[in-house]
Amino acid sequence: MSYIQTPLPYDINALEPAMDAETLSIHYGKHHATYTKNLNAALEKHPEFTPPRCPGKLLMEIDKVPPAIFNAVRNFGGGHFNHAFFWKCLTAPRKDNQAVGELAKAIDAQFGSFQAFRDAFTATATGLFGSGWTWLVLKDDGKLAIVTTPNQDSPFMPESIVGAAHGRPLLALDLWEHSYYLRYRNVRADFVNAFWSIVDWDRAEKVFTEWSCKI
Ligand code: MN3
C-alpha cells in the first residue's frame, strides 16, 4: 500500500490572511504532493516499510531503512509526514490566540509566560538559516523544547539522526521559502508573526496530553 495525503482539515482560503489561498494551494497540492509521490516511488520495492505498517514508524525507525534508499526516505518521508503534521497545527485566524489547558500551564512553568515562549520560538524561527522547520517538542524527560530541523528532517526521527531535535512534536512551523514567499517575499519575520494567529492550540493541547501519557 502507498502513503496518501490526507485532505486539508479546512478550506483552502480558511487561513487567510496569515496564509493565503494561493500559497496553501501550491504548498499542499504541489510541494507536499511531490514529497508523498517521491516517498512512494522510493519505497516501491520495499513494501515492508509501507502501510498498513504503522505509518509513524517510518520516521521513528528510519535508521532501519536500507542505505540505498535512506536519503530519499529521509527527505521525502520527512516531507510527507512533516506537512501532514503541519496542516493539523493550523486553524482559521483567532484573536488573542494563546495556548490552553495543561499545555498552557507547562509553557508558563517552563518559559515564564506564553509571551516569553512566543518570543523565544519567534527568534528561533526567524533566525533559522536556510530551509527547515521550527518545532515545539516534548522531550523524553517530559520537558518542552524549541528545536529546529534542517531540510525535511523531523523530531520523529531518532536522536542518532537528528540529535537534540529529537522529541514528540506539539507544534510545527514550515520555514521553507515556498511556505511564505508569494505573500511575504523575503520578510520571514512577518510570516512568523502572522503564524501565531492561526495556531490551533486546542489541537496542540490534545497532542500534548496524549504524548504526556506515554512518557
Ligand atoms: Mn513545505
# chains A, B, ... in the order shown; residues from 1 in each chain; ligands from 1
>>> residues_around(residues="region 40-48 of chain A", least_positions_apart="6", cutoff="8 Å", atoms="only C-alpha atoms", output="PyMOL selection string")
chain A and resi 1-3+69+72-73
>>> residues_near_ligand(ligand="ligand 1", cutoff="9 Å", atoms="only C-alpha atoms and all ligand atoms", output="PDB file with all heavy atoms, in the first residue's frame")
ATOM      1  N   HIS A  27       1.426  24.837  -1.934  1.00  0.00           N
ATOM      2  CA  HIS A  27       2.189  24.139  -0.888  1.00  0.00           C
ATOM      3  C   HIS A  27       1.626  22.723  -0.676  1.00  0.00           C
ATOM      4  O   HIS A  27       2.370  21.739  -0.654  1.00  0.00           O
ATOM      5  CB  HIS A  27       2.103  24.960   0.399  1.00  0.00           C
ATOM      6  CG  HIS A  27       3.155  24.644   1.409  1.00  0.00           C
ATOM      7  ND1 HIS A  27       3.363  25.411   2.527  1.00  0.00           N
ATOM      8  CD2 HIS A  27       4.066  23.640   1.487  1.00  0.00           C
ATOM      9  CE1 HIS A  27       4.346  24.891   3.233  1.00  0.00           C
ATOM     10  NE2 HIS A  27       4.787  23.818   2.634  1.00  0.00           N
ATOM     11  N   TYR A  28       0.309  22.641  -0.536  1.00  0.00           N
ATOM     12  CA  TYR A  28      -0.332  21.333  -0.316  1.00  0.00           C
ATOM     13  C   TYR A  28      -0.399  20.520  -1.615  1.00  0.00           C
ATOM     14  O   TYR A  28      -0.032  19.342  -1.646  1.00  0.00           O
ATOM     15  CB  TYR A  28      -1.743  21.528   0.246  1.00  0.00           C
ATOM     16  CG  TYR A  28      -2.518  20.236   0.386  1.00  0.00           C
ATOM     17  CD1 TYR A  28      -2.336  19.407   1.489  1.00  0.00           C
ATOM     18  CD2 TYR A  28      -3.413  19.825  -0.609  1.00  0.00           C
ATOM     19  CE1 TYR A  28      -3.036  18.208   1.602  1.00  0.00           C
ATOM     20  CE2 TYR A  28      -4.108  18.634  -0.500  1.00  0.00           C
ATOM     21  CZ  TYR A  28      -3.914  17.828   0.612  1.00  0.00           C
ATOM     22  OH  TYR A  28      -4.593  16.642   0.712  1.00  0.00           O
ATOM     23  N   HIS A  31       3.941  20.919  -3.541  1.00  0.00           N
ATOM     24  CA  HIS A  31       5.110  20.531  -2.729  1.00  0.00           C
ATOM     25  C   HIS A  31       4.839  19.272  -1.905  1.00  0.00           C
ATOM     26  O   HIS A  31       5.566  18.282  -2.008  1.00  0.00           O
ATOM     27  CB  HIS A  31       5.527  21.694  -1.815  1.00  0.00           C
ATOM     28  CG  HIS A  31       6.080  22.862  -2.554  1.00  0.00           C
ATOM     29  ND1 HIS A  31       7.388  22.932  -2.987  1.00  0.00           N
ATOM     30  CD2 HIS A  31       5.494  24.008  -2.957  1.00  0.00           C
ATOM     31  CE1 HIS A  31       7.590  24.065  -3.622  1.00  0.00           C
ATOM     32  NE2 HIS A  31       6.451  24.750  -3.627  1.00  0.00           N
ATOM     33  N   HIS A  32       3.801  19.327  -1.075  1.00  0.00           N
ATOM     34  CA  HIS A  32       3.504  18.160  -0.235  1.00  0.00           C
ATOM     35  C   HIS A  32       3.200  16.943  -1.103  1.00  0.00           C
ATOM     36  O   HIS A  32       3.683  15.841  -0.835  1.00  0.00           O
ATOM     37  CB  HIS A  32       2.324  18.485   0.701  1.00  0.00           C
ATOM     38  CG  HIS A  32       2.019  17.408   1.700  1.00  0.00           C
ATOM     39  ND1 HIS A  32       0.935  17.481   2.532  1.00  0.00           N
ATOM     40  CD2 HIS A  32       2.637  16.233   1.991  1.00  0.00           C
ATOM     41  CE1 HIS A  32       0.914  16.388   3.308  1.00  0.00           C
ATOM     42  NE2 HIS A  32       1.928  15.625   2.990  1.00  0.00           N
ATOM     43  N   GLY A  79       9.347  14.960   4.443  1.00  0.00           N
ATOM     44  CA  GLY A  79       8.462  15.940   3.807  1.00  0.00           C
ATOM     45  C   GLY A  79       7.005  15.520   3.885  1.00  0.00           C
ATOM     46  O   GLY A  79       6.124  16.328   4.173  1.00  0.00           O
ATOM     47  N   ASN A  82       6.018  15.623   7.852  1.00  0.00           N
ATOM     48  CA  ASN A  82       6.090  16.970   8.438  1.00  0.00           C
ATOM     49  C   ASN A  82       4.918  17.830   7.966  1.00  0.00           C
ATOM     50  O   ASN A  82       4.317  18.563   8.752  1.00  0.00           O
ATOM     51  CB  ASN A  82       7.407  17.662   8.044  1.00  0.00           C
ATOM     52  CG  ASN A  82       8.600  17.092   8.789  1.00  0.00           C
ATOM     53  OD1 ASN A  82       8.444  16.321   9.735  1.00  0.00           O
ATOM     54  ND2 ASN A  82       9.796  17.465   8.347  1.00  0.00           N
ATOM     55  N   HIS A  83       4.597  17.735   6.679  1.00  0.00           N
ATOM     56  CA  HIS A  83       3.486  18.540   6.167  1.00  0.00           C
ATOM     57  C   HIS A  83       2.144  18.036   6.694  1.00  0.00           C
ATOM     58  O   HIS A  83       1.283  18.832   7.064  1.00  0.00           O
ATOM     59  CB  HIS A  83       3.521  18.591   4.635  1.00  0.00           C
ATOM     60  CG  HIS A  83       4.622  19.462   4.105  1.00  0.00           C
ATOM     61  ND1 HIS A  83       5.890  18.995   3.900  1.00  0.00           N
ATOM     62  CD2 HIS A  83       4.648  20.787   3.811  1.00  0.00           C
ATOM     63  CE1 HIS A  83       6.661  19.999   3.475  1.00  0.00           C
ATOM     64  NE2 HIS A  83       5.921  21.097   3.408  1.00  0.00           N
ATOM     65  N   PHE A  86       1.953  19.482  10.022  1.00  0.00           N
ATOM     66  CA  PHE A  86       1.863  20.948   9.974  1.00  0.00           C
ATOM     67  C   PHE A  86       0.432  21.416   9.692  1.00  0.00           C
ATOM     68  O   PHE A  86      -0.074  22.312  10.369  1.00  0.00           O
ATOM     69  CB  PHE A  86       2.826  21.450   8.901  1.00  0.00           C
ATOM     70  CG  PHE A  86       2.868  22.947   8.707  1.00  0.00           C
ATOM     71  CD1 PHE A  86       2.940  23.812   9.788  1.00  0.00           C
ATOM     72  CD2 PHE A  86       2.882  23.490   7.419  1.00  0.00           C
ATOM     73  CE1 PHE A  86       3.012  25.195   9.598  1.00  0.00           C
ATOM     74  CE2 PHE A  86       2.959  24.859   7.220  1.00  0.00           C
ATOM     75  CZ  PHE A  86       3.017  25.713   8.310  1.00  0.00           C
ATOM     76  N   GLY A 132      14.130  24.856   6.470  1.00  0.00           N
ATOM     77  CA  GLY A 132      13.945  23.926   7.571  1.00  0.00           C
ATOM     78  C   GLY A 132      12.704  24.256   8.367  1.00  0.00           C
ATOM     79  O   GLY A 132      11.799  24.947   7.880  1.00  0.00           O
ATOM     80  N   TRP A 133      12.661  23.755   9.573  1.00  0.00           N
ATOM     81  CA  TRP A 133      11.463  23.829  10.411  1.00  0.00           C
ATOM     82  C   TRP A 133      11.829  24.253  11.829  1.00  0.00           C
ATOM     83  O   TRP A 133      12.913  23.931  12.317  1.00  0.00           O
ATOM     84  CB  TRP A 133      10.808  22.449  10.498  1.00  0.00           C
ATOM     85  CG  TRP A 133      10.280  21.912   9.205  1.00  0.00           C
ATOM     86  CD1 TRP A 133      11.014  21.471   8.139  1.00  0.00           C
ATOM     87  CD2 TRP A 133       8.902  21.760   8.831  1.00  0.00           C
ATOM     88  NE1 TRP A 133      10.172  21.056   7.131  1.00  0.00           N
ATOM     89  CE2 TRP A 133       8.874  21.206   7.537  1.00  0.00           C
ATOM     90  CE3 TRP A 133       7.698  22.021   9.486  1.00  0.00           C
ATOM     91  CZ2 TRP A 133       7.680  20.922   6.866  1.00  0.00           C
ATOM     92  CZ3 TRP A 133       6.506  21.739   8.835  1.00  0.00           C
ATOM     93  CH2 TRP A 133       6.508  21.198   7.529  1.00  0.00           C
ATOM     94  N   GLN A 152      14.060  18.461   5.468  1.00  0.00           N
ATOM     95  CA  GLN A 152      12.808  17.833   5.902  1.00  0.00           C
ATOM     96  C   GLN A 152      13.047  16.867   7.056  1.00  0.00           C
ATOM     97  O   GLN A 152      12.245  15.948   7.280  1.00  0.00           O
ATOM     98  CB  GLN A 152      12.106  17.129   4.722  1.00  0.00           C
ATOM     99  CG  GLN A 152      11.621  18.060   3.631  1.00  0.00           C
ATOM    100  CD  GLN A 152      10.536  19.023   4.093  1.00  0.00           C
ATOM    101  OE1 GLN A 152       9.973  18.898   5.162  1.00  0.00           O
ATOM    102  NE2 GLN A 152      10.246  20.031   3.271  1.00  0.00           N
ATOM    103  N   ASP A 174       6.725  25.463   9.172  1.00  0.00           N
ATOM    104  CA  ASP A 174       7.495  25.241   7.947  1.00  0.00           C
ATOM    105  C   ASP A 174       8.114  26.565   7.509  1.00  0.00           C
ATOM    106  O   ASP A 174       7.403  27.528   7.211  1.00  0.00           O
ATOM    107  CB  ASP A 174       6.544  24.706   6.856  1.00  0.00           C
ATOM    108  CG  ASP A 174       7.261  24.335   5.564  1.00  0.00           C
ATOM    109  OD1 ASP A 174       8.426  24.750   5.370  1.00  0.00           O
ATOM    110  OD2 ASP A 174       6.638  23.642   4.744  1.00  0.00           O
ATOM    111  N   LEU A 175       9.455  26.617   7.464  1.00  0.00           N
ATOM    112  CA  LEU A 175      10.147  27.867   7.131  1.00  0.00           C
ATOM    113  C   LEU A 175      10.871  27.803   5.797  1.00  0.00           C
ATOM    114  O   LEU A 175      11.755  28.609   5.519  1.00  0.00           O
ATOM    115  CB  LEU A 175      11.101  28.232   8.279  1.00  0.00           C
ATOM    116  CG  LEU A 175      10.326  28.592   9.554  1.00  0.00           C
ATOM    117  CD1 LEU A 175      11.205  28.475  10.786  1.00  0.00           C
ATOM    118  CD2 LEU A 175       9.709  29.971   9.445  1.00  0.00           C
ATOM    119  N   TRP A 176      10.486  26.823   4.972  1.00  0.00           N
ATOM    120  CA  TRP A 176      10.976  26.855   3.597  1.00  0.00           C
ATOM    121  C   TRP A 176      10.350  28.085   2.915  1.00  0.00           C
ATOM    122  O   TRP A 176       9.224  28.474   3.237  1.00  0.00           O
ATOM    123  CB  TRP A 176      10.533  25.592   2.853  1.00  0.00           C
ATOM    124  CG  TRP A 176      11.324  24.360   3.196  1.00  0.00           C
ATOM    125  CD1 TRP A 176      11.537  23.839   4.437  1.00  0.00           C
ATOM    126  CD2 TRP A 176      11.995  23.504   2.265  1.00  0.00           C
ATOM    127  NE1 TRP A 176      12.298  22.695   4.345  1.00  0.00           N
ATOM    128  CE2 TRP A 176      12.592  22.463   3.021  1.00  0.00           C
ATOM    129  CE3 TRP A 176      12.138  23.498   0.880  1.00  0.00           C
ATOM    130  CZ2 TRP A 176      13.335  21.436   2.427  1.00  0.00           C
ATOM    131  CZ3 TRP A 176      12.866  22.473   0.285  1.00  0.00           C
ATOM    132  CH2 TRP A 176      13.468  21.456   1.048  1.00  0.00           C
ATOM    133  N   GLU A 177      11.053  28.659   1.963  1.00  0.00           N
ATOM    134  CA  GLU A 177      10.505  29.862   1.309  1.00  0.00           C
ATOM    135  C   GLU A 177       9.172  29.582   0.618  1.00  0.00           C
ATOM    136  O   GLU A 177       8.318  30.458   0.522  1.00  0.00           O
ATOM    137  CB  GLU A 177      11.517  30.438   0.312  1.00  0.00           C
ATOM    138  CG  GLU A 177      12.652  31.175   1.023  1.00  0.00           C
ATOM    139  CD  GLU A 177      13.572  31.910   0.074  1.00  0.00           C
ATOM    140  OE1 GLU A 177      13.540  31.619  -1.135  1.00  0.00           O
ATOM    141  OE2 GLU A 177      14.328  32.770   0.555  1.00  0.00           O
ATOM    142  N   HIS A 178       8.952  28.332   0.170  1.00  0.00           N
ATOM    143  CA  HIS A 178       7.680  28.028  -0.505  1.00  0.00           C
ATOM    144  C   HIS A 178       6.489  28.204   0.455  1.00  0.00           C
ATOM    145  O   HIS A 178       5.352  28.269   0.032  1.00  0.00           O
ATOM    146  CB  HIS A 178       7.691  26.623  -1.131  1.00  0.00           C
ATOM    147  CG  HIS A 178       7.773  25.470  -0.170  1.00  0.00           C
ATOM    148  ND1 HIS A 178       8.659  24.429  -0.310  1.00  0.00           N
ATOM    149  CD2 HIS A 178       7.066  25.172   0.952  1.00  0.00           C
ATOM    150  CE1 HIS A 178       8.494  23.555   0.661  1.00  0.00           C
ATOM    151  NE2 HIS A 178       7.530  23.989   1.453  1.00  0.00           N
ATOM    152  N   SER A 179       6.786  28.275   1.743  1.00  0.00           N
ATOM    153  CA  SER A 179       5.738  28.404   2.757  1.00  0.00           C
ATOM    154  C   SER A 179       5.206  29.836   2.872  1.00  0.00           C
ATOM    155  O   SER A 179       4.110  30.041   3.391  1.00  0.00           O
ATOM    156  CB  SER A 179       6.319  27.949   4.104  1.00  0.00           C
ATOM    157  OG  SER A 179       5.332  27.732   5.060  1.00  0.00           O
TER     158      SER A 179
END
>>> closest_residue(among="A:Thr23, A:Leu136, A:Arg168, A:Leu90", to="Cys213 (chain A)", atoms="only C-alpha atoms")
A:Arg168
>>> closest_residue(among="A:Ala109, A:Ile198, A:Ile62, A:Leu173", to="Met19 (chain A)", atoms="only C-alpha atoms")
A:Ile198
>>> residues_around(residues="Ala172 (chain A)", least_positions_apart="4", cutoff="10 Å", atoms="only C-alpha atoms", output="PyMOL selection string")
chain A and resi 82-83+85-90+133-137+146-148+154-155+199+204
>>> closest_residue(among="A:Ser25, A:Thr122, A:Ser113, A:Ser160", to="Asn193 (chain A)", atoms="only C-alpha atoms")
A:Thr122
>>> select_by_dssp(residues="chain A", states="strand (DSSP E or B)", output="VMD selection string")
chain A and resid 90 132 to 138 144 to 150 168 to 174 199
>>> atom_distance(atom1="CA of Ser212 (chain A)", atom2="CA of Pro169 (chain A)")
11.5 Å
>>> closest_residue(among="A:Gly130, A:Pro93, A:Gly29, A:Gly142", to="Gln110 (chain A)", atoms="only C-alpha atoms")
A:Gly142
>>> closest_atom_pairs(of="region 50-113 of chain A", to="region 161-166 of chain A", cutoff="10 Å", atoms="only C-alpha atoms", output="tab-separated table")
residue	atom	partner	partner_atom	distance
A:Met60	CA	A:His166	CA	9.7
A:Ile62	CA	A:Ile161	CA	8.5
A:Asp63	CA	A:Ile161	CA	7.6
A:Arg74	CA	A:Ile161	CA	9.6
>>> residues_around(residues="Phe208 (chain A)", least_positions_apart="2", cutoff="10 Å", atoms="only C-alpha atoms", output="number ranges by chain")
A: 101-103, 106, 137-138, 144, 168-171, 202-206, 210-213
>>> write_last_selection(atoms="N, CA and C atoms", output="compact mmCIF listing (two decimals), in the first residue's frame")
# COMPACT_ATOMS: atom_id res chain seq x y z
N GLY A 101 -5.17 25.06 28.50
CA GLY A 101 -5.15 23.84 29.29
C GLY A 101 -3.80 23.50 29.90
N GLU A 102 -3.54 22.18 29.94
CA GLU A 102 -2.30 21.69 30.57
C GLU A 102 -1.06 22.18 29.83
N LEU A 103 -1.18 22.31 28.50
CA LEU A 103 -0.03 22.80 27.74
C LEU A 103 0.29 24.24 28.12
N ALA A 106 2.17 24.15 31.32
CA ALA A 106 3.54 23.67 31.13
C ALA A 106 4.41 24.75 30.48
N VAL A 137 8.58 20.74 20.92
CA VAL A 137 8.52 19.30 21.15
C VAL A 137 8.47 18.99 22.65
N LEU A 138 7.99 17.80 22.93
CA LEU A 138 8.02 17.25 24.28
C LEU A 138 9.17 16.25 24.31
N LEU A 144 9.53 20.60 27.82
CA LEU A 144 9.27 21.18 26.50
C LEU A 144 10.56 21.74 25.93
N ARG A 168 8.82 14.59 20.77
CA ARG A 168 7.46 14.37 20.29
C ARG A 168 6.88 15.72 19.87
N PRO A 169 6.62 15.93 18.59
CA PRO A 169 6.17 17.26 18.12
C PRO A 169 4.81 17.66 18.69
N LEU A 170 4.71 18.92 19.08
CA LEU A 170 3.44 19.51 19.52
C LEU A 170 3.00 20.59 18.55
N LEU A 171 3.97 21.26 17.96
CA LEU A 171 3.69 22.39 17.07
C LEU A 171 4.82 22.47 16.04
N ASP A 202 -5.94 24.23 20.60
CA ASP A 202 -6.75 23.12 21.13
C ASP A 202 -6.15 21.79 20.69
N ARG A 203 -5.71 21.77 19.45
CA ARG A 203 -5.11 20.54 18.93
C ARG A 203 -3.75 20.28 19.60
N ALA A 204 -2.94 21.34 19.76
CA ALA A 204 -1.63 21.18 20.41
C ALA A 204 -1.80 20.66 21.83
N GLU A 205 -2.81 21.16 22.52
CA GLU A 205 -3.11 20.70 23.89
C GLU A 205 -3.49 19.21 23.89
N LYS A 206 -4.27 18.82 22.89
CA LYS A 206 -4.69 17.41 22.79
C LYS A 206 -3.47 16.51 22.55
N GLU A 210 -1.87 13.61 25.03
CA GLU A 210 -1.66 12.23 24.56
C GLU A 210 -0.20 11.79 24.73
N TRP A 211 0.72 12.65 24.32
CA TRP A 211 2.14 12.30 24.44
C TRP A 211 2.54 12.18 25.92
N SER A 212 2.02 13.09 26.76
CA SER A 212 2.40 13.09 28.18
C SER A 212 2.06 11.76 28.83
N CYS A 213 0.96 11.18 28.40
CA CYS A 213 0.52 9.89 28.97
C CYS A 213 1.48 8.77 28.60
>>> closest_residue(among="A:Glu16, A:Leu8, A:Trp196, A:Asp141", to="Phe121 (chain A)", atoms="only C-alpha atoms")
A:Trp196
>>> residues_around(residues="Leu24 (chain A)", least_positions_apart="6", cutoff="9 Å", atoms="only C-alpha atoms", output="ChimeraX atom specification")
/A:12-13,15,179
>>> atom_distance(atom1="CA of Phe70 (chain A)", atom2="CA of Phe129 (chain A)")
24.2 Å
>>> select_by_dssp(residues="region 12-66 of chain A", states="alpha helix (DSSP H)", output="ChimeraX atom specification")
/A:21-26,33-42,57-60
>>> closest_residue(among="A:Tyr10, A:Phe81, A:Phe49, A:Phe76", to="Tyr35 (chain A)", atoms="only C-alpha atoms")
A:Phe76
